[in-house]
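Undergrad: Here you go, this is final.cif (mmCIF, C-alpha atoms and all ligand atoms).
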```cif
data_coords
loop_
_atom_site.label_atom_id
_atom_site.label_comp_id
_atom_site.auth_asym_id
_atom_site.auth_seq_id
_atom_site.Cartn_x
_atom_site.Cartn_y
_atom_site.Cartn_z
CA MET Q 12 -7.60 -41.27 -10.35
CA ASP Q 13 -7.15 -38.32 -12.61
CA LYS Q 14 -4.24 -36.39 -11.09
CA VAL Q 15 -4.47 -32.74 -12.09
CA LEU Q 16 -1.71 -31.64 -9.82
CA GLU Q 17 1.09 -33.54 -8.18
CA THR Q 18 4.02 -32.31 -6.16
CA ILE Q 19 7.02 -34.47 -5.48
CA ALA Q 20 9.12 -33.57 -2.44
CA ILE Q 21 8.96 -29.82 -2.96
CA SER Q 22 10.86 -27.45 -0.69
CA LYS Q 23 11.29 -23.70 -0.76
CA ILE Q 24 14.11 -22.03 1.13
CA TYR Q 25 14.26 -18.23 1.37
CA LYS Q 26 17.77 -16.86 1.82
CA ASN Q 27 18.26 -13.34 3.14
CA GLY Q 28 21.94 -12.74 3.75
CA ALA Q 29 22.98 -15.18 6.45
CA SER Q 30 19.47 -16.18 7.48
CA THR Q 31 17.51 -18.93 5.76
CA VAL Q 32 13.87 -19.93 6.19
CA LYS Q 33 12.51 -23.26 5.01
CA ALA Q 34 9.02 -22.04 4.16
CA VAL Q 35 7.96 -25.30 2.46
CA ASP Q 36 9.60 -28.47 3.65
CA ASN Q 37 9.63 -31.62 1.53
CA SER Q 38 5.95 -31.79 0.64
CA SER Q 39 4.35 -34.36 -1.63
CA PHE Q 40 0.65 -34.58 -2.45
CA TRP Q 41 -1.73 -34.75 -5.38
CA PHE Q 42 -5.18 -33.46 -6.27
CA SER Q 43 -7.72 -34.80 -8.73
CA LYS Q 44 -10.19 -33.02 -10.96
CA GLY Q 45 -13.29 -31.57 -9.34
CA GLU Q 46 -11.76 -31.26 -5.88
CA PHE Q 47 -12.04 -28.17 -3.73
CA ILE Q 48 -9.29 -28.07 -1.12
CA ALA Q 49 -8.86 -25.82 1.88
CA LEU Q 50 -5.29 -25.15 3.02
CA VAL Q 51 -5.16 -24.11 6.67
CA GLY Q 52 -2.44 -23.52 9.23
CA PRO Q 53 -1.04 -20.83 11.51
CA SER Q 54 0.43 -17.61 10.19
CA GLY Q 55 3.95 -18.23 8.88
CA SER Q 56 3.35 -21.95 8.24
CA GLY Q 57 4.07 -21.60 4.51
CA LYS Q 58 0.58 -21.43 2.96
CA THR Q 59 1.19 -18.43 0.70
CA THR Q 60 4.56 -19.81 -0.37
CA MET Q 61 2.92 -23.13 -1.23
CA LEU Q 62 0.29 -21.38 -3.35
CA ALA Q 63 2.92 -19.28 -5.14
CA LEU Q 64 4.85 -22.49 -5.94
CA LEU Q 65 1.71 -24.16 -7.34
CA ALA Q 66 0.97 -21.03 -9.38
CA GLY Q 67 4.43 -21.15 -10.91
CA LEU Q 68 5.21 -17.72 -9.46
CA LEU Q 69 8.03 -19.12 -7.36
CA ARG Q 70 10.43 -21.88 -8.27
CA PRO Q 71 10.90 -24.61 -5.65
CA THR Q 72 14.40 -24.98 -4.25
CA GLU Q 73 13.94 -28.72 -4.65
CA GLY Q 74 11.32 -31.06 -6.07
CA ASN Q 75 8.89 -31.14 -8.97
CA ILE Q 76 5.41 -29.80 -9.60
CA PHE Q 77 3.28 -31.44 -12.29
CA ILE Q 78 0.11 -29.78 -13.57
CA ASP Q 79 -1.79 -31.74 -16.21
CA GLY Q 80 1.35 -33.86 -16.52
CA ILE Q 81 3.62 -30.88 -17.31
CA ASP Q 82 6.54 -30.25 -14.98
CA LEU Q 83 6.45 -26.54 -14.07
CA VAL Q 84 10.03 -26.68 -12.85
CA ASN Q 85 11.38 -27.67 -16.25
CA LEU Q 86 9.63 -24.92 -18.21
CA SER Q 87 11.54 -21.81 -19.27
CA ASP Q 88 10.37 -18.51 -17.77
CA SER Q 89 8.40 -17.57 -20.88
CA GLU Q 90 6.85 -21.04 -21.19
CA ARG Q 91 5.88 -20.91 -17.54
CA THR Q 92 4.26 -17.48 -17.96
CA LEU Q 93 2.15 -18.72 -20.87
CA PHE Q 94 1.25 -21.93 -19.04
CA ARG Q 95 0.22 -19.97 -15.96
CA ARG Q 96 -1.95 -17.58 -17.97
CA GLN Q 97 -3.82 -20.40 -19.69
CA LYS Q 98 -4.06 -23.08 -17.04
CA ILE Q 99 -4.07 -21.29 -13.71
CA GLY Q 100 -6.34 -18.73 -12.17
CA PHE Q 101 -5.27 -17.10 -8.95
CA THR Q 102 -6.10 -14.39 -6.51
CA PHE Q 103 -3.57 -13.34 -3.93
CA GLN Q 104 -4.11 -11.07 -0.95
CA ALA Q 105 -3.01 -8.01 -2.90
CA ASN Q 106 -5.60 -8.49 -5.61
CA ASN Q 107 -3.71 -6.66 -8.39
CA LEU Q 108 -6.75 -5.32 -10.18
CA VAL Q 109 -5.93 -2.82 -12.92
CA PRO Q 110 -6.95 0.56 -11.43
CA TYR Q 111 -7.98 2.24 -14.69
CA LEU Q 112 -10.24 -0.61 -15.82
CA THR Q 113 -13.78 -1.21 -14.54
CA ALA Q 114 -14.74 -4.37 -12.65
CA LEU Q 115 -16.09 -5.91 -15.85
CA GLU Q 116 -13.07 -4.84 -17.89
CA ASN Q 117 -10.72 -6.35 -15.32
CA VAL Q 118 -12.42 -9.71 -15.79
CA GLU Q 119 -12.58 -9.33 -19.57
CA LEU Q 120 -8.87 -8.56 -19.63
CA MET Q 121 -8.18 -12.17 -18.65
CA LEU Q 122 -10.22 -13.34 -21.66
CA ARG Q 123 -8.40 -10.93 -23.97
CA LEU Q 124 -4.99 -12.08 -22.74
CA ASN Q 125 -5.99 -15.64 -23.59
CA LEU Q 126 -7.54 -14.70 -26.95
CA GLN Q 127 -10.89 -15.96 -25.64
CA PHE Q 128 -12.79 -12.69 -25.81
CA ASN Q 129 -16.07 -12.86 -27.77
CA PRO Q 130 -19.71 -11.88 -27.15
CA GLN Q 131 -20.43 -15.19 -25.45
CA THR Q 132 -17.49 -15.12 -23.03
CA ALA Q 133 -18.14 -11.42 -22.37
CA ALA Q 134 -21.68 -12.36 -21.33
CA HIS Q 135 -20.22 -15.04 -19.02
CA ALA Q 136 -17.98 -12.42 -17.41
CA LYS Q 137 -21.00 -10.28 -16.64
CA ASP Q 138 -23.01 -13.24 -15.31
CA LEU Q 139 -20.17 -14.32 -13.07
CA LEU Q 140 -19.81 -10.85 -11.53
CA ILE Q 141 -23.58 -10.70 -11.01
CA ARG Q 142 -23.51 -14.13 -9.35
CA LEU Q 143 -20.83 -12.80 -7.03
CA GLY Q 144 -23.15 -9.96 -6.00
CA LEU Q 145 -21.55 -7.21 -8.09
CA GLU Q 146 -24.48 -6.32 -10.34
CA GLU Q 147 -24.39 -2.68 -9.24
CA HIS Q 148 -20.63 -2.42 -9.65
CA LEU Q 149 -19.94 -3.77 -13.14
CA TYR Q 150 -18.86 -0.36 -14.41
CA HIS Q 151 -17.11 0.83 -11.26
CA PHE Q 152 -13.35 1.16 -10.92
CA PRO Q 153 -11.55 -0.81 -8.18
CA SER Q 154 -11.10 2.37 -6.13
CA GLN Q 155 -14.90 2.75 -6.04
CA LEU Q 156 -15.35 -0.74 -4.55
CA SER Q 157 -14.96 -1.93 -0.97
CA GLY Q 158 -12.12 -4.34 -0.17
CA GLY Q 159 -14.61 -7.18 -0.32
CA GLY Q 160 -15.92 -5.97 -3.67
CA GLN Q 161 -12.40 -5.91 -5.07
CA GLN Q 162 -11.82 -9.42 -3.75
CA ARG Q 163 -14.91 -10.69 -5.53
CA VAL Q 164 -13.79 -9.11 -8.81
CA ALA Q 165 -10.43 -10.85 -8.36
CA ILE Q 166 -12.24 -14.18 -7.84
CA ALA Q 167 -14.23 -13.67 -11.04
CA ARG Q 168 -11.00 -12.89 -12.87
CA ALA Q 169 -9.41 -16.08 -11.52
CA LEU Q 170 -12.27 -18.22 -12.86
CA ILE Q 171 -13.34 -16.64 -16.14
CA HIS Q 172 -10.81 -18.23 -18.53
CA ASN Q 173 -11.66 -21.80 -17.48
CA PRO Q 174 -8.34 -22.59 -15.83
CA THR Q 175 -7.47 -26.15 -14.82
CA LEU Q 176 -6.35 -24.99 -11.38
CA VAL Q 177 -7.78 -22.11 -9.36
CA LEU Q 178 -5.75 -20.83 -6.41
CA ALA Q 179 -7.02 -18.31 -3.87
CA ASP Q 180 -5.09 -16.88 -0.95
CA GLU Q 181 -7.43 -15.77 1.85
CA PRO Q 182 -10.24 -14.83 -0.57
CA THR Q 183 -12.56 -13.91 2.30
CA ALA Q 184 -10.15 -11.82 4.36
CA ALA Q 185 -11.95 -8.54 3.62
CA LEU Q 186 -15.50 -9.91 3.68
CA ASP Q 187 -18.15 -9.92 6.40
CA THR Q 188 -19.42 -13.31 7.57
CA GLU Q 189 -22.47 -13.51 5.33
CA ARG Q 190 -20.55 -12.45 2.23
CA ALA Q 191 -17.67 -14.79 3.08
CA TYR Q 192 -19.98 -17.82 3.18
CA GLN Q 193 -21.64 -16.70 -0.03
CA VAL Q 194 -18.37 -16.23 -1.90
CA VAL Q 195 -16.84 -19.53 -0.79
CA GLU Q 196 -20.05 -21.36 -1.60
CA ILE Q 197 -20.10 -19.90 -5.13
CA PHE Q 198 -16.40 -20.58 -5.51
CA SER Q 199 -16.80 -24.23 -4.49
CA SER Q 200 -19.89 -24.76 -6.65
CA LEU Q 201 -18.12 -23.34 -9.70
CA ILE Q 202 -15.22 -25.71 -9.08
CA HIS Q 203 -17.59 -28.65 -8.78
CA GLU Q 204 -19.93 -27.69 -11.64
CA GLN Q 205 -17.07 -27.13 -14.06
CA ASN Q 206 -14.97 -30.03 -12.78
CA ARG Q 207 -11.93 -27.86 -12.02
CA THR Q 208 -9.56 -28.04 -9.10
CA GLY Q 209 -9.57 -25.29 -6.50
CA ILE Q 210 -7.28 -24.59 -3.58
CA MET Q 211 -8.19 -21.96 -1.05
CA VAL Q 212 -5.94 -20.76 1.73
CA THR Q 213 -7.94 -19.61 4.71
CA HIS Q 214 -7.39 -18.76 8.35
CA ASP Q 215 -11.17 -18.88 8.84
CA LEU Q 216 -11.89 -22.49 9.83
CA ARG Q 217 -15.62 -21.97 9.26
CA MET Q 218 -14.96 -21.92 5.52
CA VAL Q 219 -13.64 -25.51 5.42
CA GLU Q 220 -17.30 -26.56 5.43
CA PHE Q 221 -17.29 -26.22 1.62
CA ALA Q 222 -14.06 -28.18 1.08
CA ASP Q 223 -13.72 -31.82 -0.03
CA ARG Q 224 -10.36 -32.07 1.70
CA VAL Q 225 -8.50 -29.98 4.24
CA ILE Q 226 -4.74 -29.74 4.27
CA ASN Q 227 -3.15 -28.59 7.46
CA MET Q 228 0.32 -27.03 7.30
CA ARG Q 229 2.72 -26.27 10.11
CA ASP Q 230 6.32 -25.07 9.86
CA GLY Q 231 6.36 -25.68 6.13
CA LYS Q 232 5.19 -29.28 6.46
CA ILE Q 233 1.88 -30.88 5.64
CA VAL Q 234 0.95 -32.35 8.99
CA ARG Q 235 -2.51 -33.70 8.06
CA ILE Q 236 -4.79 -34.24 5.12
CA ILE Q 237 -8.41 -34.58 6.23
CA SER Q 238 -10.92 -36.15 3.85
CA SER Q 239 -13.63 -37.44 6.16
CA ARG Q 240 -16.82 -35.36 5.93
CA ASP Q 241 -17.44 -35.75 9.66
CA GLU Q 242 -14.00 -34.45 10.56
CA ILE Q 243 -14.29 -31.55 8.13
CA ASN Q 244 -17.67 -30.60 9.58
CA GLN Q 245 -16.21 -30.82 13.06
CA LEU Q 246 -13.42 -28.40 12.08
CA ALA Q 247 -16.00 -25.99 10.66
CA ARG Q 248 -17.91 -26.26 13.95
CA ILE Q 249 -14.77 -25.39 15.90
CA GLY Q 250 -14.36 -22.40 13.58
CA ARG Q 251 -17.90 -21.22 14.31
CA GLN Q 252 -17.38 -21.59 18.05
CA GLU Q 253 -14.11 -19.65 17.92
CA ASN Q 254 -15.90 -16.94 16.02
CA GLU Q 255 -18.71 -16.68 18.55
CA ASN Q 256 -16.20 -16.32 21.37
CA ASN Q 257 -14.41 -13.41 19.71
P1 LIG Q 301 1.70 -18.11 5.61
O1 LIG Q 301 1.06 -17.70 4.32
O2 LIG Q 301 1.24 -19.44 6.12
O3 LIG Q 301 1.54 -17.05 6.65
P2 LIG Q 301 4.27 -17.67 4.27
O4 LIG Q 301 4.38 -18.59 3.13
O5 LIG Q 301 3.90 -16.26 3.98
O6 LIG Q 301 3.28 -18.30 5.36
O7 LIG Q 301 5.65 -17.66 5.05
C1 LIG Q 301 6.30 -18.84 5.47
C2 LIG Q 301 7.64 -18.47 6.10
O8 LIG Q 301 8.50 -17.92 5.10
C3 LIG Q 301 7.54 -17.42 7.19
O9 LIG Q 301 8.52 -17.72 8.16
C4 LIG Q 301 7.87 -16.14 6.47
O10 LIG Q 301 8.44 -15.19 7.35
C5 LIG Q 301 8.90 -16.61 5.45
N1 LIG Q 301 8.88 -15.81 4.20
C6 LIG Q 301 7.81 -15.63 3.38
N2 LIG Q 301 8.15 -14.89 2.30
C7 LIG Q 301 9.48 -14.61 2.44
C8 LIG Q 301 10.43 -13.89 1.65
N3 LIG Q 301 10.10 -13.33 0.48
N4 LIG Q 301 11.71 -13.83 2.11
C9 LIG Q 301 12.06 -14.42 3.28
N5 LIG Q 301 11.21 -15.10 4.07
C10 LIG Q 301 9.94 -15.21 3.66
MG MG Q 302 -0.18 -16.06 3.81
#
```
Here is a file; write its structure as structure tokens.
Ligand code: ADP
Ligand code: MG

TA:
Amino acid sequence: MDKVLETIAISKIYKNGASTVKAVDNSSFWFSKGEFIALVGPSGSGKTTMLALLAGLLRPTEGNIFIDGIDLVNLSDSERTLFRRQKIGFTFQANNLVPYLTALENVELMLRLNLQFNPQTAAHAKDLLIRLGLEEHLYHFPSQLSGGGQQRVAIARALIHNPTLVLADEPTAALDTERAYQVVEIFSSLIHEQNRTGIMVTHDLRMVEFADRVINMRDGKIVRIISSRDEINQLARIGRQENENN
């Protein structure tokens, strides 16, 4: 198997004065190319911390994280920044779009930062935004978009530079049901078509339908990894039932 990402016994402890929180507790796993993974678990179980560790935004207290065979933990800060920019695409809940750039320019910025900007990639940026339903908003600023619109721009920005690993924290949080399905479906097909690896954190169990594997976290630990299609579909069904009852 082609391991794109591998963690070895990673832990992350937050220290605030006298109090400490073990947000990620001794987790080991690996992902291969072309996989789309959903990371689920209750609020506070460590999902965002896990994603930030995999993105190289946080350093684990213990353990190692290999991406394409490179150990993130042993890179210097500047090496890690460069590595992250080239190899990793991510969208976190605060989407960090640049307010004075249009939707299209926000996506193009990622290409410029990676010295990949040319007429062909610029056309891809446009196509990707259109595929995400933003045809009418290409030249709008983030403040002129809904929360869901901003989230979709952030997803385009996370994918445009052909990263090895794409990480998304609650990418559907601000979307209505129809749009959420649409966005996750596009997200998962892009991962599959382009043979990348995608990890999506979601509290919406319905969205696991598009995942190849589901990782369930609790109290910082990975309590289950589900790969059976039947079990994944059953989880999605539970998600739909929960949603109907709300
Ligand atoms: P999730 O995304 O699953 O809700 P988080 O990774 O945000 O979980 O948080 C995991 C645990 O770590 C929680 O107990 C949370 O309160 C704590 N935590 C998260 N970020 C910090 C931080 N910067 N400082 C201290 N504790 C934190
Ligand atoms: Mg979170």

Undergrad: Which residues are near ligand LIG 301 (chain Q) - at most 12 Å, using all atoms listed in the file? Format: as a VMD selection string.

TA: chain Q and resid 22 to 36 50 to 64 68 to 69 103 to 104 179 to 181 211 to 214 227 to 233

Undergrad: For region 80-90 of chain Q, work out the shell of residues within 8 Å, counting all atoms listed in the file and skipping chain neighbours fewer than 2 positions away, then give it as number ranges by chain.

TA: Q: 15-16, 67, 70-71, 75-78, 92-94

Undergrad: Identify the residues within 12 Å of coordinate (-15.5, 1.2, -8.2) (same frame as the file), considering only C-alpha atoms, and give the answer as a list in words.

TA: Leu108, Val109, Pro110, Tyr111, Leu112, Thr113, Ala114, Leu115, Glu116, Asn117, Leu145, Glu146, Glu147, His148, Leu149, Tyr150, His151, Phe152, Pro153, Ser154, Gln155, Leu156, Ser157, Gly158, Gly159, Gly160, Gln161 and Val164 of chain Q

Undergrad: Just how far from CA of Glu220 (chain Q) is CA of Ser239 (chain Q), in Å to one decimal?

TA: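 The value is 11.5 Å.
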
Undergrad: What does the distance from CA of Ile226 (chain Q) to CA of Phe40 (chain Q) come to in Å, to one decimal?

TA: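 So the two atoms, CA of Ile226 (chain Q) and CA of Phe40 (chain Q), lie 9.9 Å apart.
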
Undergrad: Which is closer to Ala165 (chain Q) than all the others in Q:Gln252, Q:Ser38, Q:Asn107, Q:Ser199, using all atoms listed in the file?

TA: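 Smallest distance to Ala165 (chain Q) is found for Q:Asn107.
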
Undergrad: May I ask for the distance between CA of Lys137 (chain Q) and CA of Ala169 (chain Q), given in Å to one decimal place?

TA: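 Those two atoms sit 13.9 Å apart.
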